[in-house]
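S.K.: Got a structure here, written out as structure tokens. Questions coming.
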Amino acid sequence: MKPVKVGLLGLGTVGGGTVNVLKRNAEEISRRAGRGIEITHAAARDLSRPRICDTAGIKLTTHPMDVVNDPEVEIIVELIGGDGLAKELVEKAIANGKHVVTANKALIAKHGNEIFQAAQAKGVMVAFEAAVAGGIPIIKAIREGLAGNEIQWLAGIINGTGNFILTEMKDKGRDFVDVLKEAQALGYAEADPTFDVEGIDAAHKLTILASIAFGIPLQFDAAYTEGITKITRDDVNYAEALGYRIKHLGISRRTDKGIELRVHPTLIPERRLIANVDGVMNAVLVMGDAVGPTLYYGAGAGAEPTASAVVADLVDVVRALTSDPENRVPHLAFQADALSDLPILKMDDIETAYYLRMQAADEPGVMAKVTTILGGQGISIEALIQKEPVDKSTDVSVIMLTHRVQEARMNQAIASIEALPSIHGAVTRIRMEALDAN
Ligand code: HSE
């Protein structure tokens, strides 16, 4: 059988990695797919730029629409990113009856519902394994491997750049900006690195994971997103002293009232495996009612790890080329007409435990006032540290861990604590999760 012809949009880090992996493993890939897979046409913004791959035998252009309109190409691999030009190209590819493989989390998280609808109408596949957690086959694991379960919750370290920064801050006391620059140079960071450090990239990925875990439409706009820019070395150290690590997590949980969808720094017990996922590595912990907890770990970014997911999707698409579109794995794991309308919960309605840090005047009665406010909101304290002031003129740092409480109550308590004259500045609040079987 003739090889399948593939058009590639984007010849940067992941595009170059994809060309290299397809070439190096051509024989193994064809034994798996049943046919060869060949990139025949590729678009890049600047053809004079040095590449990590050999493009011999590939027709090159600076016009991506030419690739999308190439009648010989059956599958388009979109590695441009963003939801501007990439969206137009993917829509046109679908309209042209071509299958699409994409690593574009922003595109899927924000426009996936319409894209999948258009793809379904045209009988084409849109595969997006590389959009979440780089080389970890987490989409396939949740969508297919865990299909017998009612998924209860998932929590993931799904931004390599953020995890790299937090790890370097903890282990080496390095400066935030300096570590970010290194992540950019290594090709891990987004084109706009605020997407990494403000949690937007993680929220894109979490939105996708929640949809395939719970069978709900993609709802990126409803995700709560908080980054790592306010995490201080002090917080990292206090957390460690209390037996916790601070990780930037995407968390999604099914509750009676709806689905939690939230990205924020989180204290997790240091004995959890996921607490020890360091550097640029990603990990996703998924709790299914039948299987219990399962943990998926691997490289979440970089040329070949992401290419590994792109090529796996290509193999899947090639294997299913001749299958009846009605009998393919649904894009969002659940049949399109069987998606649930469970609402995404507002942050006020979620329930979690908290780490609080505040600066208090070193005078009698302050602690009593703080604990009275917390008690008034039904908030129970689990642990407490008070650091000695450096001298009589300085504040004391008070660190507390609380039991679980509704976020709205914690917000009220924090507002009241901050209004106390003897509490100086804002109260730092970091959410805390046990990530145990419940
Ligand atoms: N900027 C992303 C990260 C790349 O650091 O994880 C992979 O999506």
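Residue numbering restarts at 1 for every chain of the structure tokens, chains are lettered A, B, ... in their displayed order, and ligands are numbered from 1 as they appear.
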Out of range 134-329 of chain A, which residues get strand (DSSP E or B) from DSSP, as number ranges by chain?

M.R.: A: 151-157, 224-225, 244-254, 259-269, 281-288, 292-299

S.K.: Dump the neighbourhood of ligand 1 as a CSV table (one decimal) with N, CA, C and O atoms, in the first residue's frame: all residues within 6 Å, distances computed on only C-alpha atoms and all ligand atoms.

M.R.:
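Resulting contents of pocket-v5.csv:
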```
chain,number,residue,atom,x,y,z
A,134,GLY,N,2.6,16.9,26.8
A,134,GLY,CA,3.6,16.5,25.8
A,134,GLY,C,3.6,15.0,25.5
A,134,GLY,O,2.7,14.5,24.8
A,159,ASN,N,2.2,21.8,33.3
A,159,ASN,CA,3.0,22.9,32.6
A,159,ASN,C,4.5,22.7,33.0
A,159,ASN,O,4.8,22.9,34.2
A,160,GLY,N,5.3,22.2,32.1
A,160,GLY,CA,6.7,21.9,32.4
A,160,GLY,C,7.5,23.1,32.8
A,160,GLY,O,8.3,23.0,33.8
A,161,THR,N,7.2,24.2,32.2
A,161,THR,CA,8.0,25.4,32.5
A,161,THR,C,7.7,25.9,33.9
A,161,THR,O,8.7,26.2,34.7
A,188,TYR,N,10.9,25.0,26.0
A,188,TYR,CA,9.8,24.5,26.8
A,188,TYR,C,8.7,25.5,26.9
A,188,TYR,O,7.5,25.2,26.9
A,189,ALA,N,9.1,26.8,27.0
A,189,ALA,CA,8.1,27.8,27.3
A,189,ALA,C,7.3,28.2,26.1
A,189,ALA,O,7.7,27.9,24.9
A,190,GLU,N,6.1,28.7,26.4
A,190,GLU,CA,5.2,29.2,25.3
A,190,GLU,C,5.8,30.4,24.6
A,190,GLU,O,6.6,31.1,25.2
A,196,ASP,N,2.6,30.3,30.6
A,196,ASP,CA,3.1,29.3,31.5
A,196,ASP,C,3.0,29.8,32.9
A,196,ASP,O,2.4,29.1,33.7
A,300,GLY,N,6.8,16.6,29.6
A,300,GLY,CA,5.6,17.4,29.2
A,300,GLY,C,5.8,18.4,28.1
A,300,GLY,O,4.9,19.1,27.7
A,301,ALA,N,7.1,18.5,27.6
A,301,ALA,CA,7.4,19.5,26.6
A,301,ALA,C,8.7,19.0,25.9
A,301,ALA,O,9.3,18.0,26.3
```

S.K.: If you count only C-alpha atoms, which residues fall within 8 Å of Lys140 in chain A, apart from same-chain ones fewer than 4 positions away, as a list in words?

M.R.: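 So the residues in contact are Glu129, Glu144 and Gly145 of chain A.
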
S.K.: When you look at Pro293 in chain A with a cut-off of 10 Å (counting only C-alpha atoms), what residues show up, excluding the ones that are within fewer than 5 positions of it in the same chain? I need them as an MDAnalysis selection string.

M.R.: chainID A and resid 151:154 285:288 435:437

S.K.: I need the residues from that last selection saved to file as a PDB file, in the first residue's frame (with N, CA, C and O atoms), if you can.

M.R.:
```pdb
ATOM      1  N   ILE A 151     -14.885   8.449  36.338  1.00  0.00           N
ATOM      2  CA  ILE A 151     -13.718   9.183  36.846  1.00  0.00           C
ATOM      3  C   ILE A 151     -14.204  10.130  37.930  1.00  0.00           C
ATOM      4  O   ILE A 151     -15.214  10.827  37.747  1.00  0.00           O
ATOM      5  N   GLN A 152     -13.493  10.148  39.054  1.00  0.00           N
ATOM      6  CA  GLN A 152     -13.932  10.987  40.181  1.00  0.00           C
ATOM      7  C   GLN A 152     -13.198  12.316  40.218  1.00  0.00           C
ATOM      8  O   GLN A 152     -13.800  13.349  40.414  1.00  0.00           O
ATOM      9  N   TRP A 153     -11.880  12.266  40.037  1.00  0.00           N
ATOM     10  CA  TRP A 153     -11.115  13.504  39.961  1.00  0.00           C
ATOM     11  C   TRP A 153      -9.790  13.255  39.281  1.00  0.00           C
ATOM     12  O   TRP A 153      -9.353  12.112  39.138  1.00  0.00           O
ATOM     13  N   LEU A 154      -9.185  14.338  38.856  1.00  0.00           N
ATOM     14  CA  LEU A 154      -7.821  14.237  38.336  1.00  0.00           C
ATOM     15  C   LEU A 154      -7.068  15.490  38.765  1.00  0.00           C
ATOM     16  O   LEU A 154      -7.662  16.548  38.998  1.00  0.00           O
ATOM     17  N   LEU A 285      -2.476  12.573  37.854  1.00  0.00           N
ATOM     18  CA  LEU A 285      -3.023  11.573  38.758  1.00  0.00           C
ATOM     19  C   LEU A 285      -4.524  11.510  38.481  1.00  0.00           C
ATOM     20  O   LEU A 285      -5.199  12.542  38.524  1.00  0.00           O
ATOM     21  N   VAL A 286      -5.007  10.324  38.164  1.00  0.00           N
ATOM     22  CA  VAL A 286      -6.436  10.179  37.822  1.00  0.00           C
ATOM     23  C   VAL A 286      -7.057   9.174  38.766  1.00  0.00           C
ATOM     24  O   VAL A 286      -6.512   8.079  38.960  1.00  0.00           O
ATOM     25  N   MET A 287      -8.192   9.534  39.362  1.00  0.00           N
ATOM     26  CA  MET A 287      -8.894   8.630  40.274  1.00  0.00           C
ATOM     27  C   MET A 287     -10.147   8.092  39.582  1.00  0.00           C
ATOM     28  O   MET A 287     -11.058   8.857  39.249  1.00  0.00           O
ATOM     29  N   GLY A 288     -10.153   6.796  39.325  1.00  0.00           N
ATOM     30  CA  GLY A 288     -11.337   6.160  38.742  1.00  0.00           C
ATOM     31  C   GLY A 288     -12.003   5.288  39.793  1.00  0.00           C
ATOM     32  O   GLY A 288     -11.325   4.766  40.682  1.00  0.00           O
ATOM     33  N   LEU A 435      -4.952  14.761  47.957  1.00  0.00           N
ATOM     34  CA  LEU A 435      -4.825  13.856  46.796  1.00  0.00           C
ATOM     35  C   LEU A 435      -4.798  12.399  47.247  1.00  0.00           C
ATOM     36  O   LEU A 435      -4.011  11.598  46.742  1.00  0.00           O
ATOM     37  N   ASP A 436      -5.689  12.078  48.174  1.00  0.00           N
ATOM     38  CA  ASP A 436      -5.794  10.688  48.602  1.00  0.00           C
ATOM     39  C   ASP A 436      -7.020  10.062  47.946  1.00  0.00           C
ATOM     40  O   ASP A 436      -7.577  10.630  47.017  1.00  0.00           O
ATOM     41  N   ALA A 437      -7.443   8.944  48.469  1.00  0.00           N
ATOM     42  CA  ALA A 437      -8.482   8.180  47.778  1.00  0.00           C
ATOM     43  C   ALA A 437      -9.860   8.856  47.772  1.00  0.00           C
ATOM     44  O   ALA A 437     -10.752   8.403  47.083  1.00  0.00           O
TER      45      ALA A 437
END
```

S.K.: Can you tell me which residues surround range 97-102 of chain A at a distance of at most 7 Å, considering only C-alpha atoms, apart from same-chain residues fewer than 4 positions away, and format the answer as a PyMOL selection string?

M.R.: chain A and resi 74-79+93+122+124-128+130-131+310+313-314

S.K.: Identify all residues of range 286-415 of chain A in helix (DSSP H, G or I) (DSSP on the backbone) and supply them as a PyMOL selection string.

M.R.: chain A and resi 303-319+325-327+336-338+347-349+366-376+407-415
